file coords-v5.tsv (TSV, C-alpha atoms and all ligand atoms)
chain	number	residue	atom	x	y	z
O	772	MET	CA	-10.12	-11.97	-3.88
O	773	LEU	CA	-7.21	-12.28	-1.49
O	774	THR	CA	-7.42	-14.80	1.34
O	775	LEU	CA	-4.96	-15.24	4.18
O	776	THR	CA	-5.35	-18.39	6.27
O	777	ASN	CA	-3.56	-18.88	9.57
O	778	ILE	CA	-0.57	-16.70	8.73
O	779	SER	CA	2.09	-16.77	11.44
O	780	LYS	CA	5.40	-15.00	11.68
O	781	GLN	CA	8.26	-14.97	14.16
O	782	ILE	CA	11.03	-12.38	14.18
O	783	ASP	CA	14.11	-13.03	16.28
O	784	GLN	CA	12.31	-15.98	17.89
O	785	ARG	CA	9.47	-13.74	19.01
O	786	GLN	CA	5.96	-14.50	17.75
O	787	ILE	CA	4.70	-11.37	15.97
O	788	LEU	CA	1.68	-12.79	14.13
O	789	LYS	CA	-0.25	-15.89	15.11
O	790	ALA	CA	-2.82	-17.57	12.85
O	791	VAL	CA	-4.07	-14.42	11.11
O	792	SER	CA	-6.93	-15.17	8.73
O	793	LEU	CA	-8.71	-12.58	6.63
O	794	THR	CA	-10.35	-12.12	3.24
O	795	VAL	CA	-10.56	-9.08	0.99
O	796	LYS	CA	-13.07	-9.36	-1.83
O	797	ASP	CA	-12.58	-7.67	-5.19
O	798	GLY	CA	-13.41	-3.98	-5.05
O	799	GLU	CA	-13.50	-3.88	-1.24
O	800	THR	CA	-11.42	-1.76	1.10
O	801	LEU	CA	-10.17	-3.52	4.22
O	802	CYS	CA	-8.62	-1.56	7.08
O	803	ILE	CA	-6.18	-3.35	9.35
O	804	VAL	CA	-6.26	-1.60	12.72
O	805	GLY	CA	-4.68	-2.30	16.08
O	806	PRO	CA	-2.37	-0.78	18.67
O	807	SER	CA	1.26	0.08	18.08
O	808	GLY	CA	3.38	-3.06	17.92
O	809	ALA	CA	0.43	-5.37	17.08
O	810	GLY	CA	2.11	-6.38	13.82
O	811	LYS	CA	0.13	-4.36	11.25
O	812	THR	CA	3.16	-3.31	9.21
O	813	THR	CA	4.59	-6.82	9.43
O	814	LEU	CA	1.34	-8.20	8.00
O	815	LEU	CA	1.34	-5.65	5.18
O	816	ARG	CA	4.97	-6.45	4.39
O	817	ILE	CA	4.00	-10.12	4.11
O	818	ILE	CA	1.07	-9.33	1.78
O	819	THR	CA	3.29	-7.16	-0.44
O	820	GLY	CA	6.03	-9.79	-0.53
O	821	LEU	CA	8.68	-7.74	1.23
O	822	ILE	CA	9.11	-10.39	3.90
O	823	ASP	CA	8.23	-14.06	4.09
O	824	TYR	CA	5.88	-15.78	6.53
O	825	ASP	CA	6.53	-18.96	8.50
O	826	GLN	CA	3.19	-20.72	8.39
O	827	GLY	CA	-0.18	-20.42	6.73
O	828	GLN	CA	-1.48	-20.00	3.24
O	829	ILE	CA	-2.29	-17.11	0.92
O	830	GLN	CA	-4.64	-17.40	-2.03
O	831	LEU	CA	-5.29	-14.89	-4.79
O	832	ASN	CA	-8.49	-15.55	-6.74
O	833	GLN	CA	-8.73	-18.99	-5.11
O	834	ARG	CA	-5.27	-20.08	-6.25
O	835	GLU	CA	-2.26	-20.51	-4.06
O	836	PHE	CA	-0.18	-17.32	-4.16
O	837	ARG	CA	3.24	-16.56	-2.75
O	838	PRO	CA	3.72	-12.79	-2.51
O	839	SER	CA	7.16	-11.62	-3.63
O	840	ARG	CA	8.87	-8.39	-4.60
O	841	ASP	CA	8.15	-9.36	-8.23
O	842	ASN	CA	4.42	-9.07	-7.57
O	843	LEU	CA	4.98	-5.44	-6.61
O	844	GLN	CA	6.75	-4.85	-9.89
O	845	GLN	CA	4.34	-6.81	-12.02
O	846	GLY	CA	1.28	-4.94	-10.89
O	847	VAL	CA	-0.34	-7.75	-8.95
O	848	ILE	CA	-0.11	-6.08	-5.55
O	849	GLY	CA	0.94	-2.46	-5.25
O	850	GLY	CA	2.35	-0.81	-2.14
O	851	VAL	CA	2.35	2.72	-0.77
O	852	PHE	CA	4.77	2.80	2.13
O	853	GLN	CA	5.24	5.23	5.00
O	854	ASP	CA	8.55	6.58	3.75
O	855	PHE	CA	7.14	6.95	0.18
O	856	ARG	CA	10.37	5.56	-1.37
O	857	LEU	CA	10.45	8.18	-4.12
O	858	PHE	CA	13.63	8.94	-6.04
O	859	PRO	CA	14.57	12.49	-4.94
O	860	HIS	CA	16.83	13.12	-7.95
O	861	LEU	CA	14.01	12.40	-10.41
O	862	THR	CA	11.04	14.64	-11.19
O	863	THR	CA	7.53	13.72	-10.12
O	864	LEU	CA	6.72	12.70	-13.71
O	865	GLU	CA	9.86	10.57	-13.98
O	866	ASN	CA	9.10	8.84	-10.67
O	867	VAL	CA	5.69	7.79	-11.96
O	868	MET	CA	7.02	6.77	-15.42
O	869	LEU	CA	9.96	4.75	-14.20
O	870	ALA	CA	8.58	1.35	-13.15
O	871	PRO	CA	6.26	0.68	-16.12
O	872	LYS	CA	9.10	1.69	-18.45
O	873	LEU	CA	11.76	-0.43	-16.70
O	874	THR	CA	9.55	-3.50	-16.43
O	875	GLY	CA	8.61	-3.22	-20.10
O	876	LEU	CA	4.92	-2.86	-19.28
O	877	LEU	CA	4.80	0.33	-21.38
O	878	SER	CA	7.00	2.10	-23.92
O	879	ALA	CA	8.62	5.38	-22.80
O	880	ASP	CA	5.95	7.40	-24.65
O	881	GLU	CA	3.11	5.35	-23.19
O	882	ALA	CA	4.61	5.58	-19.69
O	883	ARG	CA	4.89	9.36	-20.03
O	884	GLN	CA	1.30	9.67	-21.21
O	885	GLN	CA	0.00	7.43	-18.44
O	886	ALA	CA	2.04	9.31	-15.80
O	887	THR	CA	0.68	12.64	-17.06
O	888	GLU	CA	-2.88	11.30	-16.79
O	889	LEU	CA	-2.33	9.89	-13.31
O	890	LEU	CA	-0.77	13.11	-12.05
O	891	THR	CA	-3.72	15.09	-13.42
O	892	GLN	CA	-6.16	12.66	-11.80
O	893	LEU	CA	-4.39	13.13	-8.45
O	894	GLY	CA	-4.17	16.94	-8.76
O	895	LEU	CA	-0.40	17.00	-9.23
O	896	GLU	CA	-0.07	18.40	-12.75
O	897	GLN	CA	1.65	21.56	-11.43
O	898	GLN	CA	4.29	19.41	-9.69
O	899	ALA	CA	5.11	17.18	-12.69
O	900	GLN	CA	8.47	18.80	-13.39
O	901	GLN	CA	9.50	19.33	-9.76
O	902	TYR	CA	11.98	17.06	-8.06
O	903	THR	CA	10.27	15.03	-5.38
O	904	PHE	CA	12.52	16.41	-2.63
O	905	GLN	CA	10.80	19.76	-3.32
O	906	LEU	CA	7.32	18.41	-2.53
O	907	SER	CA	5.27	18.56	0.68
O	908	GLY	CA	4.40	15.40	2.64
O	909	GLY	CA	0.87	15.30	1.20
O	910	GLN	CA	2.17	15.73	-2.34
O	911	LYS	CA	4.74	12.97	-1.87
O	912	GLN	CA	1.96	10.74	-0.59
O	913	ARG	CA	-0.04	11.29	-3.79
O	914	VAL	CA	3.02	10.77	-6.02
O	915	SER	CA	3.62	7.51	-4.20
O	916	ILE	CA	0.00	6.46	-4.91
O	917	ALA	CA	0.33	7.54	-8.58
O	918	ARG	CA	3.51	5.52	-8.88
O	919	ALA	CA	1.84	2.41	-7.46
O	920	LEU	CA	-1.17	2.88	-9.77
O	921	ALA	CA	1.15	3.15	-12.80
O	922	LEU	CA	1.80	-0.59	-12.48
O	923	LYS	CA	-1.92	-1.34	-12.67
O	924	PRO	CA	-2.14	-3.40	-9.49
O	925	GLN	CA	-5.12	-5.66	-8.74
O	926	ILE	CA	-4.76	-4.77	-5.07
O	927	LEU	CA	-3.26	-1.63	-3.57
O	928	CYS	CA	-1.84	-1.70	-0.02
O	929	TYR	CA	-1.09	1.35	2.10
O	930	ASP	CA	0.90	1.57	5.33
O	931	GLU	CA	-0.37	4.39	7.57
O	932	PRO	CA	-1.25	6.70	4.64
O	933	THR	CA	-2.33	9.54	6.93
O	934	SER	CA	0.36	9.38	9.59
O	935	ALA	CA	2.33	12.41	8.39
O	936	LEU	CA	-0.67	14.49	7.36
O	937	ASP	CA	-2.75	17.23	8.96
O	938	PRO	CA	-6.56	16.71	9.23
O	939	ASN	CA	-7.36	18.45	5.90
O	940	LEU	CA	-4.90	16.31	4.04
O	941	ARG	CA	-6.23	13.25	5.82
O	942	ASP	CA	-9.65	14.03	4.36
O	943	SER	CA	-8.15	14.40	0.91
O	944	VAL	CA	-6.52	10.96	1.23
O	945	SER	CA	-9.91	9.50	2.27
O	946	GLN	CA	-11.50	11.10	-0.79
O	947	LEU	CA	-8.79	9.66	-3.01
O	948	LEU	CA	-9.20	6.15	-1.60
O	949	LEU	CA	-12.99	6.40	-2.02
O	950	GLN	CA	-12.50	7.54	-5.63
O	951	LEU	CA	-10.22	4.56	-6.26
O	952	LYS	CA	-12.82	2.27	-4.73
O	953	GLN	CA	-15.31	3.60	-7.28
O	954	THR	CA	-12.97	2.49	-10.06
O	955	GLY	CA	-13.15	-1.04	-8.60
O	956	MET	CA	-9.74	-1.04	-6.90
O	957	THR	CA	-9.28	-3.52	-4.07
O	958	GLN	CA	-7.47	-1.80	-1.18
O	959	ILE	CA	-5.84	-2.85	2.08
O	960	VAL	CA	-5.03	-0.03	4.48
O	961	VAL	CA	-3.02	-0.28	7.67
O	962	THR	CA	-3.92	2.51	10.05
O	963	HIS	CA	-4.22	3.27	13.73
O	964	ASP	CA	-6.58	6.14	12.89
O	965	LEU	CA	-10.08	4.81	13.58
O	966	THR	CA	-11.86	7.91	12.23
O	967	PHE	CA	-10.02	7.52	8.94
O	968	ALA	CA	-10.83	3.78	8.91
O	969	GLU	CA	-14.53	4.57	9.35
O	970	GLN	CA	-14.42	7.06	6.48
O	971	ILE	CA	-12.95	4.65	3.97
O	972	ALA	CA	-13.86	1.09	4.84
O	973	ALA	CA	-16.89	-1.02	5.59
O	974	GLN	CA	-14.65	-3.81	6.78
O	975	THR	CA	-12.08	-3.62	9.56
O	976	TYR	CA	-9.69	-6.30	10.76
O	977	HIS	CA	-8.52	-5.79	14.36
O	978	LEU	CA	-5.05	-7.09	15.05
O	979	ALA	CA	-4.42	-7.62	18.75
O	980	PRO	CA	-0.88	-7.68	20.12
O	981	LEU	CA	0.44	-11.06	21.28
O	982	GLN	CA	1.84	-11.40	24.74
O	1001	LIG	N1	12.83	-6.35	11.46
O	1001	LIG	C1	12.44	-6.50	12.73
O	1001	LIG	N2	13.29	-6.91	13.67
O	1001	LIG	C2	12.90	-7.08	14.96
O	1001	LIG	N3	11.65	-6.84	15.39
O	1001	LIG	C3	10.75	-6.42	14.50
O	1001	LIG	C4	11.10	-6.22	13.12
O	1001	LIG	N4	9.97	-5.81	12.47
O	1001	LIG	C5	9.00	-5.74	13.40
O	1001	LIG	N5	9.46	-6.11	14.60
O	1001	LIG	C6	8.69	-6.15	15.86
O	1001	LIG	O1	7.43	-6.71	15.57
O	1001	LIG	C7	6.40	-6.06	16.31
O	1001	LIG	C8	5.33	-5.57	15.36
O	1001	LIG	O2	5.87	-4.50	14.60
O	1001	LIG	P1	5.00	-3.77	13.47
O	1001	LIG	O3	5.80	-2.64	12.94
O	1001	LIG	O4	4.50	-4.78	12.51
O	1001	LIG	O5	3.78	-3.24	14.35
O	1001	LIG	P2	2.67	-2.16	13.99
O	1001	LIG	O6	1.37	-2.70	14.48
O	1001	LIG	O7	2.74	-1.80	12.54
O	1001	LIG	O8	3.13	-0.94	14.89
O	1001	LIG	P3	3.02	0.67	14.64
O	1001	LIG	O9	1.55	0.98	14.68
O	1001	LIG	O10	3.76	1.23	15.81
O	1001	LIG	O11	3.66	0.95	13.32
O	1001	LIG	C9	7.09	-4.95	17.10
O	1001	LIG	O12	7.28	-5.39	18.42
O	1001	LIG	C10	8.41	-4.76	16.39
O	1001	LIG	O13	9.40	-4.35	17.28

call {"tool": "encode", "arguments": {"input": "coords-v5.tsv", "output": "C-alpha cells"}}
result
Amino acid sequence: MLTLTNISKQIDQRQILKAVSLTVKDGETLCIVGPSGAGKTTLLRIITGLIDYDQGQIQLNQREFRPSRDNLQQGVIGGVFQDFRLFPHLTTLENVMLAPKLTGLLSADEARQQATELLTQLGLEQQAQQYTFQLSGGQKQRVSIARALALKPQILCYDEPTSALDPNLRDSVSQLLLQLKQTGMTQIVVTHDLTFAEQIAAQTYHLAPLQ
C-alpha cells in the first residue's frame, strides 16, 4: 500500500501541488485525472523519485518511504513515461534485458529468458530483434511496459499511456492494464482521458489546478 499525506511542491517559487493526500492499496489501479497543468505529471515524478517534494510524507506498506531513482532501478516502483525512454540503438529484446542484467537482478541468460517471456506476453515476439526506432508508437508503449515489468516492480506508474495512440490502441492498453491488475499489480495511471480512466480503474483521484 502506498500512502501520500499532504504532499506539496513548489517549482520556481510557484505552488504546483498543495497538500495532496491519496492511498493506493495493493492490487488496485488508481487513475490521477485533472486538467492540463494541474500537476499530474509532477505528482507522478514525485512518486517515481524523479523529483523531490517539499513537504508531506510518503509511506510504502506503512513505513516511511522516500522515492528515489534507485527505487525505479530496484523494482520497487516502475515507471512508463510519455517519451518511452527506450534505447534506439538496441533491439527490443535488448531494451527489456538491459536493466535486470545491469542491476544484477538476473544473469544475462535469465534476463534474456525473462525478456522473451515478457515480449510474448505483450504480443511483441515478432519485434524482438527489431531496433526500437523501427517500432510504431503502440509497440514502443508496450516495450516500455515490458521493460518496467522486467524489474519486477511492486507498483507500476504510467504517465498518459494513451496520449499518442489511436482509439483501437487505447483499448489494447486498457486490456493490458486490466490483465496486469489480474496478476495483482498495483498501478497508478496519470491520464486526462476520462473514458480510459473508467475502463481501467475503480478509483480516481481528481487533481485540481491551483490558482
Ligand atoms: N521543470 C519545471 N519547471 C517549471 N515549471 C514546471 C516544471 N515542471 C512542471 N512545471 C509547471 O507545473 C505545472 C504542472 O505541470 P504538470 O506537467 O505536472 O501538469 P499536468 O497536469 O501533467 O499537465 P498535462 O496534462 O498538460 O501534462 C505547469 O504549470 C508546469 O508549467

call {"tool": "residues_near_ligand", "arguments": {"input": "coords-v5.tsv", "ligand": "ligand LIG 1001 (chain O)", "cutoff": "9 Å", "atoms": "only C-alpha atoms and all ligand atoms", "output": "PyMOL selection string"}}
result
chain O and resi 781-783+785-788+804-816+930-931+961-963+978-980

call {"tool": "closest_residue", "arguments": {"input": "coords-v5.tsv", "among": "O:Gln905, O:Gln953, O:Ser915, O:Ser839", "to": "Leu889 of chain O", "atoms": "all atoms listed in the file"}}
result
O:Ser915

call {"tool": "closest_residue", "arguments": {"input": "coords-v5.tsv", "among": "O:Thr862, O:Thr933, O:Ser878, O:Thr794", "to": "Glu896 of chain O", "atoms": "only C-alpha atoms"}}
result
O:Thr862

call {"tool": "closest_residue", "arguments": {"input": "coords-v5.tsv", "among": "O:Asp937, O:Glu888, O:Asp942, O:Asp880", "to": "Leu920 of chain O", "atoms": "all atoms listed in the file"}}
result
O:Glu888

call {"tool": "closest_residue", "arguments": {"input": "coords-v5.tsv", "among": "O:Asn832, O:Gly955, O:Glu969, O:Asp825", "to": "Val791 of chain O", "atoms": "all atoms listed in the file"}}
result
O:Asp825

call {"tool": "closest_residue", "arguments": {"input": "coords-v5.tsv", "among": "O:Leu893, O:Leu831, O:Ala919, O:Ile803", "to": "Arg856 of chain O", "atoms": "all atoms listed in the file"}}
result
O:Ala919

call {"tool": "residues_around", "arguments": {"input": "coords-v5.tsv", "residues": "Ala935 of chain O", "least_positions_apart": "2", "cutoff": "10 Å", "atoms": "only C-alpha atoms", "output": "list of chain:residue names"}}
result
O:Gln853, O:Asp854, O:Gly908, O:Gly909, O:Gln912, O:Glu931, O:Pro932, O:Thr933, O:Asp937, O:Pro938, O:Leu940, O:Arg941

call {"tool": "atom_distance", "arguments": {"input": "coords-v5.tsv", "atom1": "atom CA of Leu773 of chain O", "atom2": "atom CA of Met956 of chain O"}}
result
12.7 Å

call {"tool": "atom_distance", "arguments": {"input": "coords-v5.tsv", "atom1": "atom CA of Gln885 of chain O", "atom2": "atom CA of Arg837 of chain O"}}
result
28.8 Å

call {"tool": "closest_residue", "arguments": {"input": "coords-v5.tsv", "among": "O:Gln884, O:Met868, O:Phe858, O:Leu873", "to": "Tyr902 of chain O", "atoms": "all atoms listed in the file"}}
result
O:Phe858

call {"tool": "residues_around", "arguments": {"input": "coords-v5.tsv", "residues": "Pro838 of chain O", "least_positions_apart": "2", "cutoff": "9 Å", "atoms": "all atoms listed in the file", "output": "JSON, numbers by chain"}}
result
{"O": [817, 818, 819, 820, 821, 822, 823, 829, 836, 840, 841, 842, 843, 848]}

call {"tool": "residues_around", "arguments": {"input": "coords-v5.tsv", "residues": "Gln946 of chain O", "least_positions_apart": "2", "cutoff": "12 Å", "atoms": "all atoms listed in the file", "output": "NGL selection string"}}
result
:O and (893 or 913 or 939-944 or 948-953 or 967 or 970-972)

call {"tool": "atom_distance", "arguments": {"input": "coords-v5.tsv", "atom1": "atom CA of Pro924 of chain O", "atom2": "atom CA of Thr957 of chain O"}}
result
9.0 Å

call {"tool": "axis_aligned_box", "arguments": {"input": "coords-v5.tsv", "around": "segment 799-815 of chain O", "padding_each_side": "8 Å", "output": "AutoDock Vina command-line options"}}
result
--center_x -4.5 --center_y -4.1 --center_z 8.7 --size_x 34.1 --size_y 24.3 --size_z 35.9

call {"tool": "residues_around", "arguments": {"input": "coords-v5.tsv", "residues": "Ser792 of chain O", "least_positions_apart": "3", "cutoff": "10 Å", "atoms": "all atoms listed in the file", "output": "number ranges by chain"}}
result
O: 774-779, 789, 827-829, 976
